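Undergrad: Here's a structure for you.
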Amino acid sequence: MSLDSLLQRTDVWRGGVAPPPTGLASGFAALDARLSGGWPRGAVSELLFARAGIGEFTLLVPALARLSREGRWLVLVAPPYVPYAPALTRAGVDLARAIVVEPRVPRDALWVAEQALRAGACGAVLLWREEVEPRALRRLQLAAETGGGLGVLFRSLRYAGESSPAALRLRLRGIAGRGRRLEVAVLKRRGGWPTGPITVEVDHVSG
């Protein structure tokens, strides 16, 4: 294969050249610009933060609304709190397409998320889980690739230094002040280098 032929392939990334947009639009223009169009489909994204409740879930709401309107299932596995239904409805999420799973045994959460991702019927599978062995995280990534959906893992920032097979890793920090804002930094992404932080307004989201 010649070099010219190789460079024409869509699965080849050249340093300094942005890959074509392939993601699921996040609803936040500044974030989409960093993520080649949005959240990576058929992959796991890790959201890492020091303190929960800073707007980490809200960051996903516009994309969840879009997926639910497309008739795709949304699966939330072991969330630390019950999502506020009226707010989700106002943001355009079809609650009839949402499933919340509370495994009786904590370790079953990984199994549930893996099966949901692999099934292919889910637009997004969100998992709240602190301890995830690299092998288990690799299974989640492979399951997402098989099913083609969006996988999201919410974890503590203390895991940011660990290697991960996830396609995308974001560090989130709440910004004090009026309204709810997030500082979002890309620690890892497909086809690109880590990037410095941007500010995302998550106080008022829409699908």
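All residue names refer to the structure tokens as shown: chains lettered A, B, ... in order, residues numbered from 1 in each chain, ligands numbered from 1 in order.
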Could you give me the residues within stretch 66-103 of chain A that DSSP places in strand (DSSP E or B), as an MDAnalysis selection string?
TA: chainID A and resid 73:77 98:101
Undergrad: Residues at most 10 Å from A:Arg107, counting only C-alpha atoms, excluding those fewer than 6 positions away in the same chain, as a PDB file with C-alpha atoms, in the first residue's frame?
TA:
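Output file result-v9.pdb is given in full below:
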ATOM      1  CA  ARG A 129     -18.396   2.543  40.238  1.00  0.00           C
ATOM      2  CA  GLU A 131     -13.188   0.187  41.988  1.00  0.00           C
ATOM      3  CA  VAL A 132     -12.848  -1.229  38.477  1.00  0.00           C
TER       4      VAL A 132
END
Undergrad: Show me, as a PyMOL selection string, the residues that have an atom within 8 Å of stretch 66-83 of chain A when counting only C-alpha atoms, minus same-chain residues fewer than 6 positions from it.
TA: chain A and resi 92-95+97-103+109+112-113+116+121-129+207
Undergrad: With distances taken over only C-alpha atoms, which of A:Gly42, A:Pro165, A:Gly23, A:Pro197 is nearest to A:Leu150?
TA: A:Gly42
Undergrad: Would you please work out which residue, of A:Glu145, A:Glu201, A:Glu162, A:Glu114, is nearest to A:Arg181 when using only C-alpha atoms?
TA: A:Glu201
Undergrad: Any idea what's packed within 6 Å of stretch 48-50 of chain A, counting only C-alpha atoms, ignoring anything in its chain fewer than 6 positions away? Could you give it as a PyMOL selection string?
TA: chain A and resi 155-157+171-172
Undergrad: As a count of residues only, list the residues of stretch 34-70 of chain A assigned to alpha helix (DSSP H) by DSSP on the backbone atoms of this structure.
TA: 10
Undergrad: Contacts of A:Leu168 at 7 Å or less, counting only C-alpha atoms, minus same-chain residues fewer than 6 places along, as JSON, numbers by chain?
TA: {"A": [44, 45, 46, 188, 189, 190]}
Undergrad: As an exercise, work out the distance from atom CA of A:Leu170 to atom CA of A:Ala85 in Å and give it to one decimal place.
TA: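 Answer for the atom CA of A:Leu170 to atom CA of A:Ala85 separation: 25.8 Å.
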Undergrad: Could you give me, as a tab-separated table, every stretch 158-199 of chain A residue with an atom at most 8 Å from stretch 133-141 of chain A, plus its closest atom pair and distance in Å to one decimal, counting only C-alpha atoms, rows ordered by chain then number?
TA:
residue	atom	partner	partner_atom	distance
A:Ser164	CA	A:Pro134	CA	6.7
A:Pro165	CA	A:Arg138	CA	5.8
A:Ala166	CA	A:Gln141	CA	6.2
A:Ala167	CA	A:Gln141	CA	7.9
Undergrad: Please dump the current selection as a short mmCIF file (atom, residue, chain, number, x, y, z; two decimals), in the first residue's frame; keep N, CA, C and O atoms.
TA:
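Result saved to selection-v2.cif:
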data_model
loop_
_atom_site.label_atom_id
_atom_site.label_comp_id
_atom_site.auth_asym_id
_atom_site.auth_seq_id
_atom_site.Cartn_x
_atom_site.Cartn_y
_atom_site.Cartn_z
N SER A 164 -5.86 3.31 31.43
CA SER A 164 -7.23 2.89 31.18
C SER A 164 -7.45 2.65 29.70
O SER A 164 -6.94 3.40 28.86
N PRO A 165 -8.21 1.60 29.35
CA PRO A 165 -8.53 1.35 27.94
C PRO A 165 -9.69 2.21 27.44
O PRO A 165 -10.06 2.13 26.27
N ALA A 166 -10.29 3.03 28.30
CA ALA A 166 -11.40 3.88 27.89
C ALA A 166 -10.96 4.80 26.75
O ALA A 166 -9.82 5.28 26.72
N ALA A 167 -11.87 5.05 25.82
CA ALA A 167 -11.54 5.89 24.67
C ALA A 167 -11.41 7.36 25.05
O ALA A 167 -10.68 8.12 24.40
#
